[in-house]
Amino acid sequence: MTAYLLKRLIIAALTLVLASMVVFAVMEVLPGDPARLMLGLNASAEQVEALRNQMGLNAPLMLRYLHWVGGLLNLDFGRSYTYSVPVIDLVRERIAVSLPLALIALALSTIIAIPVGVFSASRQGRAGDTLAMGAAQLGVAVPNFWFALMLIYLFAVWLRLVPAGGFPGWGAGIWPALKSLILPAIALALPQAAILGRVARSALIEVLNEDYIRTARAKGLPYRAVLWRHALRNAMIPVLTILGLQFAFLLAGTIIIENVFYLPGLGRLIFQAITQRDLIVVESIVMLLVAAVILINLLVDFSYAIVDPRLRGRQ
Amino acid sequence: MSLLEIENLSLTIGATPILKGVELTIAPGEVVGLVGESGSGKSMTALTIMQLLPHLARAEGRVAFDGIDILGATEDQMCALRGDDIGMVFQEPMTALNPVKTIGEQVAEGIRWHTKAGRAEAEERARKILDRVGLPEAKFPLSRYPHELSGGQRQRVVIAIACALKPKLLIADEPTTALDVVLQAQILDLLRDLVRENRMGLLLISHDLAVVTEMADRLTILRRGEVTEAGDTARTLSEQQHPYTRELALASMHVPARPKQHLAGSAMPLLEVEGVVRDYPGRRKSLFRPAQPIRAVDDVSLTIEPAQSVALVGRSGCGKSTLARMILALDKPTAGTIRFRGEAIIGKAEAELKPARRDMQVVFQDPYGSFDPRQKVEKLVAEPLHLLEKQPANAERREMVAHALDEVGLGPRDMDKYPHEFSGGQRQRLSIARAIITRPKLVVADEPVSALDVSIRAQILDLFAELNQKLGIAYLFITHDLTVARAMADEVLVMHEGKIVERGKTGDVLDHPRSEAARALVAAAPDLHRAIARRMQEQG
């Protein structure tokens with residue numbers, strides 16, 4: 001067990017290092033000089049050169065990479081070119097919106113997908129299954145921002161249950177803050193739940209045809225008990241894999257959804273930073289998102305070991 | 001009074017009739033054998049008793065268990081019977097247990113469900129039954145997972161689950177077909193003892209007449225969903241009134257005619273294996289100590305002469321398939337040399353191996369798994385032709401495939417079909433056609449008939465014999481089934497724990513085994529003659 005976890009941990013760490021190199025290299029080759037950007041169009045070449053020296057942009061590549069990574073490890077992400085504040089302050093403020101949003105969406109998609117998968121798999125080929133999978137097909141096909149608009153129209157404009165956009169801040173109280181995150185979370189979760197539900201269904205159907213399901217039935221357990229006690233845990237392995245992979249798409253989805261709902265989150269920050277060529281902010285947020293995806297996938301690897309004893313090796 | 005009475009049972013799945021007017025009774029403490037070839041409806045009869053039939057199945061007639069009308073019972077009533085009064089053991093022990101639950105959980109689950117016992121009490125009872133089936137606590141604690149057990153051990157767990165609540169009826173569907181003969185004998189002994197201890201009725205389903213004869217008081221023979229003959233085992237098999245019974249008995253003892261026996265020492269050896277060793281990396285016990293390698297094949301030497309037929313017999317896991325892979329140059333030995341027609345095949349590049357690969361082909365056990373289902377027969381059978389020096393043109397290629405198909409008893413029209421359009425026996429003919437299309441000198445056959453029904457098996461053995469006589473192909477048969485060795489081999493090698501422990505002429509080794517491993521194999525192998533003789537004495 002420890003050998004398996006250690007191996008996964010080392011792989012995750014190496015991936016992170018590799019990803020940081022790629023992110024850094026891509027930012028290097030992108031056009032646009034941050035010093036010129038900060039000083040504006042009228043600055044002289046000497047002024048730009050002086051600022052470049054001051055920002056350390058003229059140092060050798062390797063040194064700048066190490067400096068950057070060292071900063072990341074100390075949570076010093078540098079200063080934003082456009083806002084002139086430490087990037088970490090911007091990120092800290094925005095992550096308080098994006099992290100809860102992503103987690104609620106992830107939880108919501110799991111909570112919807114697994115019961116739907118179980119429902120469909122146990123009624124394979126019957127009307128309920130066809131209906132649920134038809135809905136899932138629609139969920140996969142329809143883009144999340146369109147869902148978002150429909151949700152706004154229904155719940156905010158028509159029923160007036162929740163605000164149509166904006167974020168009052170956690171300072172305004174937990175309920176108002178959560179209320180403004182509900183619709184974006186649903187909009188993010190629905191397409192994910194549709195994919196995950198289909199995966200859960202097909203994984204369950206495959207497992208339900210296994211010999212050990214017949215053994216469990218021959219013990220006298222009713223079908224439902226066999227489904228929940230024997231089939232579901234075995235079907236979780238592909239579901240977890242997809243869940244880990246989907247997390248990256250979920251983060252990408254937040255960029256769109258935060259713009260639709262006008263939420264001050266990381267997604268909107270990175271969007272603005274890109275349009276303003278605030279490369280250091282882009283670089284930091286991309287690195288943060290990469291780390292989040294790697295972490296989630298590490299957790300998925302760990303949960304494999306919990307679900308499947310064959311990965312743990314001999315006791 | 002009978003424990004189980006099946007009267008005039010008919011079963012259809014969709015529009016397909018599966019069973020027609022099946023009759024069967026089992027009394028308490030009685031062992032009834034249900035014999036038939038694949039597709040004859042044996043398993044469906046069992047699943048009807050359990051009411052675990054597939055969706056569209058419709059059963060008619062009468063099935064009464066202990067006075068309860070099974071066909072009219074509700075699902076709740078059936079749940080109460082299954083696992084409590086009726087237990088069932090299945091064919092494939094490797095997949096019959098849930099891989100993510102411990103054996104303790106899986107045995108205790110049924111006990112808790114039926115008796116409403118607490119966890120501790122159920123685990124105590126699970127412990128007792130596991131001890132009883134030969135899995136003592138010291139080596140097999142309840143916390144073991146199925147993947148930590150071998151096939152025979154897993155089958156003992158399945159039997160423990162089925163017998164935990166001392167059922168009145170046990171249904172065993174091919175319980176030993178996936179096991180080697182020594183394990184088979186052990187599992188059959190266990191079942192026999194459990195029947196005696198608990199006065200259980202046992203419905204033993206098997207395609208193997210010898211196994212059923214050894215075990216059953218009465219037998220029922222099923223063919224295409226209908227009972228062809230039923231009665232006391234000894235009388236049924238000694239009189240063999242129904243032609244199908246005779247056909248089955250003859251087929252299961254079939255020895256193909258091989259007029260030209262191989263004469264030893266006539267020519268240069270075709271294959272020479274010298275001091276071959278294969279180590280696999282072992283499991284690490286500590287991060288800081290290197291793992292001890294596991295020796296799968298240990299200093300094996302053998303020779304095969306042209307047109308000679310050699311059988312390599314041994315229990316599962318003895319290293320015989322690993323040895324075969326090295327001979328086929330699919331795996332590299334850790335030490336030792338392998339020469340094919342005087343040329344070493346180890347350490348050669350793939351291109352240099354072409355002539356050897358051309359003259360050395362293989363037939364695998366599973367005729368279902370060894371073909372790509374999306375390719376046509378022409379392409380599948382022509383596959384080895386890329387090993388020829390000169391690539392044949394399209395027309396010539398079709399000619400060669402047609403010829404190979406003809407040699408294995410199939411027609412040229414079969415060329416444009418897909419594998420699923422063939423039966424198991426026909427598919428094994430296809431794999432033989434694929435093996436002989438390059439006119440090889442040696443064919444390695446890994447359990448080539450153990451997945452086949454007895455009558456098909458007899459035909460395939462005949463085909464092997466015929467090709468040996470006609471084309472002078474030498475064989476290396478890899479098998480745990482001594483009847484195959486007896487039917488086909490000039491010489492037998494007995495392998496045990498990676499070593500060859502005995503070798504000699506087939507008759508000598510099988511009739512007078514000297515090593516312990518060979519004696520165990522011979523003693524455990526079911527033999528129809530012997531079994532009938534014993535039954536005759538018992539039943540008068």
# chains A, B, ... in the order shown; residues from 1 in each chain; ligands from 1

call {"tool": "residues_around", "arguments": {"residues": "segment 66-83 of chain A", "least_positions_apart": "6", "cutoff": "10 Å", "atoms": "only C-alpha atoms", "output": "list in words"}}
result
Val17, Ser20, Met21, Phe24, Pro34, Ala35, Leu37, Met38, Leu39, Met55, Gly56, Asp89, Leu90, Val91, Ala273, Gln276, Arg277, Asp278, Leu279, Ile280, Val281, Val282, Glu283, Ser284, Ile285, Met287 and Leu288 of chain A

call {"tool": "select_by_dssp", "arguments": {"residues": "segment 293-331 of chain B", "states": "alpha helix (DSSP H)", "output": "ChimeraX atom specification"}}
result
/B:320-327

call {"tool": "write_last_selection", "arguments": {"atoms": "N, CA and C atoms", "output": "compact mmCIF listing (two decimals), in the first residue's frame"}}
result
# COMPACT_ATOMS: atom_id res chain seq x y z
N LYS B 320 4.51 -24.81 -17.06
CA LYS B 320 4.50 -25.38 -18.41
C LYS B 320 4.18 -24.35 -19.49
N SER B 321 3.27 -23.40 -19.19
CA SER B 321 2.97 -22.39 -20.20
C SER B 321 4.12 -21.40 -20.37
N THR B 322 4.83 -21.11 -19.27
CA THR B 322 6.01 -20.24 -19.36
C THR B 322 7.06 -20.87 -20.27
N LEU B 323 7.27 -22.17 -20.10
CA LEU B 323 8.23 -22.89 -20.94
C LEU B 323 7.81 -22.81 -22.41
N ALA B 324 6.49 -22.99 -22.66
CA ALA B 324 6.00 -22.95 -24.03
C ALA B 324 6.25 -21.57 -24.65
N ARG B 325 6.04 -20.53 -23.87
CA ARG B 325 6.26 -19.17 -24.39
C ARG B 325 7.72 -18.96 -24.79
N MET B 326 8.64 -19.54 -24.02
CA MET B 326 10.05 -19.38 -24.35
C MET B 326 10.41 -20.16 -25.60
N ILE B 327 9.82 -21.37 -25.75
CA ILE B 327 10.08 -22.17 -26.94
C ILE B 327 9.58 -21.42 -28.18

call {"tool": "residues_around", "arguments": {"residues": "Asp462 of chain B", "least_positions_apart": "3", "cutoff": "6 Å", "atoms": "only C-alpha atoms", "output": "PDB file with N, CA and C atoms, in the first residue's frame"}}
result
ATOM      1  N   PRO B 256      -7.365 -41.450 -30.847  1.00  0.00           N
ATOM      2  CA  PRO B 256      -7.284 -41.444 -32.303  1.00  0.00           C
ATOM      3  C   PRO B 256      -6.318 -42.517 -32.816  1.00  0.00           C
ATOM      4  N   GLN B 459     -13.187 -35.241 -32.149  1.00  0.00           N
ATOM      5  CA  GLN B 459     -12.933 -34.872 -33.544  1.00  0.00           C
ATOM      6  C   GLN B 459     -11.632 -34.085 -33.696  1.00  0.00           C
ATOM      7  N   ALA B 465      -4.157 -35.925 -34.953  1.00  0.00           N
ATOM      8  CA  ALA B 465      -3.490 -37.182 -35.309  1.00  0.00           C
ATOM      9  C   ALA B 465      -3.309 -37.279 -36.817  1.00  0.00           C
TER      10      ALA B 465
END

call {"tool": "closest_atom_pairs", "arguments": {"of": "chain B", "to": "chain A", "cutoff": "7 Å", "atoms": "only C-alpha atoms", "output": "tab-separated table"}}
result
residue	atom	partner	partner_atom	distance
B:Cys79	CA	A:Gly220	CA	4.3
B:Ala80	CA	A:Gly220	CA	6.1
B:Leu81	CA	A:Gly220	CA	6.8
B:Arg82	CA	A:Gly220	CA	4.4
B:Gly83	CA	A:Lys219	CA	3.9
B:Gly87	CA	A:Ala218	CA	6.8
B:Met88	CA	A:Ala218	CA	6.4
B:Thr95	CA	A:Asp211	CA	5.7
B:Ala96	CA	A:Tyr212	CA	4.3
B:Leu97	CA	A:Tyr212	CA	4.8
B:Asn98	CA	A:Tyr212	CA	5.3
B:Val100	CA	A:Asp308	CA	5.5
B:Gly110	CA	A:Lys219	CA	5.4
B:His147	CA	A:Arg310	CA	6.7

call {"tool": "closest_atom_pairs", "arguments": {"of": "segment 358-417 of chain B", "to": "segment 335-344 of chain B", "cutoff": "12 Å", "atoms": "only C-alpha atoms", "output": "tab-separated table"}}
result
residue	atom	partner	partner_atom	distance
B:Arg358	CA	B:Phe340	CA	11.6
B:Asp359	CA	B:Phe340	CA	9.2
B:Met360	CA	B:Phe340	CA	8.9

call {"tool": "write_last_selection", "arguments": {"atoms": "N, CA and C atoms", "output": "mmCIF file, in the first residue's frame"}}
result
data_model
loop_
_atom_site.group_PDB
_atom_site.id
_atom_site.type_symbol
_atom_site.label_atom_id
_atom_site.label_comp_id
_atom_site.auth_asym_id
_atom_site.auth_seq_id
_atom_site.Cartn_x
_atom_site.Cartn_y
_atom_site.Cartn_z
ATOM 1 N N ARG B 358 8.056 -19.314 -38.800
ATOM 2 C CA ARG B 358 7.297 -19.937 -39.872
ATOM 3 C C ARG B 358 7.125 -21.430 -39.598
ATOM 4 N N ASP B 359 8.155 -22.054 -39.075
ATOM 5 C CA ASP B 359 8.141 -23.506 -38.895
ATOM 6 C C ASP B 359 7.650 -23.929 -37.527
ATOM 7 N N MET B 360 7.220 -22.959 -36.728
ATOM 8 C CA MET B 360 6.811 -23.264 -35.358
ATOM 9 C C MET B 360 5.541 -22.458 -35.094
#

call {"tool": "residues_around", "arguments": {"residues": "segment 196-205 of chain A", "least_positions_apart": "5", "cutoff": "9 Å", "atoms": "only C-alpha atoms", "output": "ChimeraX atom specification"}}
result
/A:109-110,112-122,124,133,136-137,191,227,231-232,234-239,242-243,246

call {"tool": "write_last_selection", "arguments": {"atoms": "N, CA and C atoms", "output": "CSV table (one decimal), in the first residue's frame"}}
result
chain,number,residue,atom,x,y,z
A,109,SER,N,-22.5,17.4,-9.0
A,109,SER,CA,-22.5,16.5,-10.2
A,109,SER,C,-22.4,15.1,-9.7
A,110,THR,N,-21.6,14.8,-8.7
A,110,THR,CA,-21.6,13.4,-8.2
A,110,THR,C,-22.9,13.0,-7.6
A,112,ILE,N,-25.8,14.1,-8.3
A,112,ILE,CA,-26.8,13.8,-9.3
A,112,ILE,C,-26.5,12.6,-10.1
A,113,ALA,N,-25.2,12.4,-10.5
A,113,ALA,CA,-24.8,11.4,-11.5
A,113,ALA,C,-25.0,10.0,-10.9
A,114,ILE,N,-24.6,9.7,-9.7
A,114,ILE,CA,-24.5,8.3,-9.2
A,114,ILE,C,-25.9,7.8,-9.1
A,115,PRO,N,-26.9,8.5,-8.4
A,115,PRO,CA,-28.2,7.9,-8.4
A,115,PRO,C,-28.8,7.8,-9.8
A,116,VAL,N,-28.6,8.7,-10.7
A,116,VAL,CA,-29.1,8.6,-12.0
A,116,VAL,C,-28.5,7.3,-12.7
A,117,GLY,N,-27.2,7.1,-12.5
A,117,GLY,CA,-26.5,5.9,-13.1
A,117,GLY,C,-27.1,4.7,-12.5
A,118,VAL,N,-27.3,4.6,-11.2
A,118,VAL,CA,-27.9,3.4,-10.6
A,118,VAL,C,-29.3,3.2,-11.1
A,119,PHE,N,-30.1,4.3,-11.1
A,119,PHE,CA,-31.5,4.2,-11.6
A,119,PHE,C,-31.5,3.6,-13.0
A,120,SER,N,-30.7,4.2,-13.9
A,120,SER,CA,-30.7,3.8,-15.3
A,120,SER,C,-30.2,2.3,-15.5
A,121,ALA,N,-29.1,2.0,-14.8
A,121,ALA,CA,-28.5,0.7,-14.9
A,121,ALA,C,-29.5,-0.4,-14.5
A,122,SER,N,-30.3,-0.1,-13.4
A,122,SER,CA,-31.2,-1.2,-12.9
A,122,SER,C,-32.4,-1.3,-13.7
A,124,GLN,N,-32.2,-1.1,-17.2
A,124,GLN,CA,-31.6,-1.0,-18.5
A,124,GLN,C,-32.6,-1.4,-19.6
A,133,MET,N,-31.3,8.7,-19.9
A,133,MET,CA,-30.1,8.8,-20.7
A,133,MET,C,-30.4,9.8,-21.8
A,136,ALA,N,-29.5,12.9,-20.3
A,136,ALA,CA,-28.1,13.0,-20.1
A,136,ALA,C,-27.4,13.4,-21.5
A,137,GLN,N,-28.0,12.8,-22.5
A,137,GLN,CA,-27.5,13.2,-23.9
A,137,GLN,C,-27.6,14.7,-24.1
A,191,PRO,N,-23.7,19.6,-17.0
A,191,PRO,CA,-23.0,18.9,-18.1
A,191,PRO,C,-22.1,17.8,-17.5
A,227,LEU,N,-27.1,-4.7,-5.8
A,227,LEU,CA,-26.7,-3.5,-6.6
A,227,LEU,C,-25.9,-2.5,-5.7
A,231,ALA,N,-22.3,-4.2,-6.5
A,231,ALA,CA,-22.0,-3.7,-7.8
A,231,ALA,C,-21.4,-2.3,-7.7
A,232,LEU,N,-22.0,-1.4,-6.9
A,232,LEU,CA,-21.6,0.0,-6.9
A,232,LEU,C,-20.1,0.2,-6.6
A,234,ASN,N,-17.6,-1.7,-7.1
A,234,ASN,CA,-16.8,-2.1,-8.2
A,234,ASN,C,-16.9,-1.2,-9.4
A,235,ALA,N,-18.1,-0.6,-9.5
A,235,ALA,CA,-18.3,0.4,-10.6
A,235,ALA,C,-17.7,1.7,-10.4
A,236,MET,N,-17.3,2.0,-9.1
A,236,MET,CA,-16.7,3.3,-8.8
A,236,MET,C,-15.4,3.6,-9.4
A,237,ILE,N,-14.7,2.5,-9.8
A,237,ILE,CA,-13.3,2.7,-10.3
A,237,ILE,C,-13.3,3.6,-11.6
A,238,PRO,N,-14.1,3.2,-12.7
A,238,PRO,CA,-14.1,4.1,-13.8
A,238,PRO,C,-14.8,5.4,-13.5
A,239,VAL,N,-15.7,5.4,-12.6
A,239,VAL,CA,-16.4,6.7,-12.3
A,239,VAL,C,-15.4,7.7,-11.7
A,242,ILE,N,-13.1,9.2,-14.4
A,242,ILE,CA,-13.7,10.3,-15.1
A,242,ILE,C,-13.8,11.5,-14.3
A,243,LEU,N,-14.2,11.3,-13.0
A,243,LEU,CA,-14.3,12.4,-12.1
A,243,LEU,C,-13.0,13.3,-12.0
A,246,GLN,N,-12.5,15.1,-15.3
A,246,GLN,CA,-13.5,16.1,-15.5
A,246,GLN,C,-13.1,17.4,-14.8

call {"tool": "residues_around", "arguments": {"residues": "Ile500 of chain B", "least_positions_apart": "6", "cutoff": "9 Å", "atoms": "only C-alpha atoms", "output": "count of residues only"}}
result
8

call {"tool": "select_by_dssp", "arguments": {"residues": "segment 202-307 of chain B", "states": "strand (DSSP E or B)", "output": "PyMOL selection string"}}
result
chain B and resi 202-206+218-223+226-232+271-280+294-304

call {"tool": "residues_around", "arguments": {"residues": "Arg127 of chain B", "least_positions_apart": "6", "cutoff": "8 Å", "atoms": "only C-alpha atoms", "output": "CSV table (one decimal) with N, CA and C atoms, in the first residue's frame"}}
result
chain,number,residue,atom,x,y,z
B,104,GLY,N,-14.1,-13.1,4.4
B,104,GLY,CA,-14.9,-13.2,5.6
B,104,GLY,C,-16.3,-12.5,5.4
B,137,GLU,N,-7.7,-21.0,9.7
B,137,GLU,CA,-7.5,-19.6,10.1
B,137,GLU,C,-6.1,-19.1,10.0
B,142,LEU,N,-10.1,-14.3,7.9
B,142,LEU,CA,-11.3,-13.7,7.3
B,142,LEU,C,-11.0,-12.5,6.5

call {"tool": "residues_around", "arguments": {"residues": "Ala210 of chain B", "least_positions_apart": "3", "cutoff": "7 Å", "atoms": "only C-alpha atoms", "output": "list in words"}}
result
Thr213, Glu214, Pro526, Asp527, Leu528 and Ala531 of chain B

call {"tool": "decode", "arguments": {"residues": "segment 335-382 of chain B", "atoms": "C-alpha atoms", "output": "short mmCIF file (atom, residue, chain, number, x, y, z; two decimals), in the first residue's frame"}}
result
data_model
loop_
_atom_site.label_atom_id
_atom_site.label_comp_id
_atom_site.auth_asym_id
_atom_site.auth_seq_id
_atom_site.Cartn_x
_atom_site.Cartn_y
_atom_site.Cartn_z
CA ALA B 335 19.53 -18.85 -18.58
CA GLY B 336 19.93 -21.83 -20.90
CA THR B 337 19.66 -22.36 -24.65
CA ILE B 338 16.86 -23.26 -27.03
CA ARG B 339 17.77 -24.55 -30.48
CA PHE B 340 15.26 -25.07 -33.26
CA ARG B 341 16.62 -27.22 -36.10
CA GLY B 342 20.10 -26.74 -34.70
CA GLU B 343 19.92 -22.93 -34.59
CA ALA B 344 19.74 -20.98 -31.36
CA ILE B 345 16.62 -18.81 -31.18
CA ILE B 346 17.53 -16.82 -28.10
CA GLY B 347 18.84 -13.32 -28.53
CA LYS B 348 17.97 -13.14 -32.22
CA ALA B 349 16.37 -10.10 -33.79
CA GLU B 350 12.75 -10.42 -34.90
CA ALA B 351 13.75 -10.45 -38.59
CA GLU B 352 16.19 -13.32 -38.06
CA LEU B 353 13.48 -15.27 -36.23
CA LYS B 354 11.19 -15.33 -39.28
CA PRO B 355 12.21 -18.82 -40.53
CA ALA B 356 11.84 -20.25 -37.01
CA ARG B 357 8.44 -18.59 -36.52
CA ARG B 358 7.30 -19.94 -39.87
CA ASP B 359 8.14 -23.51 -38.89
CA MET B 360 6.81 -23.26 -35.36
CA GLN B 361 3.16 -22.40 -34.81
CA VAL B 362 0.78 -22.38 -31.88
CA VAL B 363 -2.80 -23.37 -30.99
CA PHE B 364 -4.29 -21.86 -27.85
CA GLN B 365 -6.87 -23.15 -25.40
CA ASP B 366 -9.64 -20.66 -25.86
CA PRO B 367 -11.17 -20.76 -29.34
CA TYR B 368 -13.30 -17.72 -28.38
CA GLY B 369 -10.55 -15.41 -27.25
CA SER B 370 -7.89 -16.07 -29.86
CA PHE B 371 -9.56 -14.41 -32.86
CA ASP B 372 -10.22 -10.76 -33.62
CA PRO B 373 -14.04 -10.73 -33.91
CA ARG B 374 -13.97 -7.97 -36.54
CA GLN B 375 -11.85 -9.77 -39.12
CA LYS B 376 -12.91 -12.31 -41.70
CA VAL B 377 -11.64 -15.88 -41.64
CA GLU B 378 -9.56 -15.35 -44.77
CA LYS B 379 -7.52 -12.66 -43.08
CA LEU B 380 -7.29 -14.51 -39.76
CA VAL B 381 -6.09 -17.78 -41.26
CA ALA B 382 -3.71 -16.01 -43.66
#
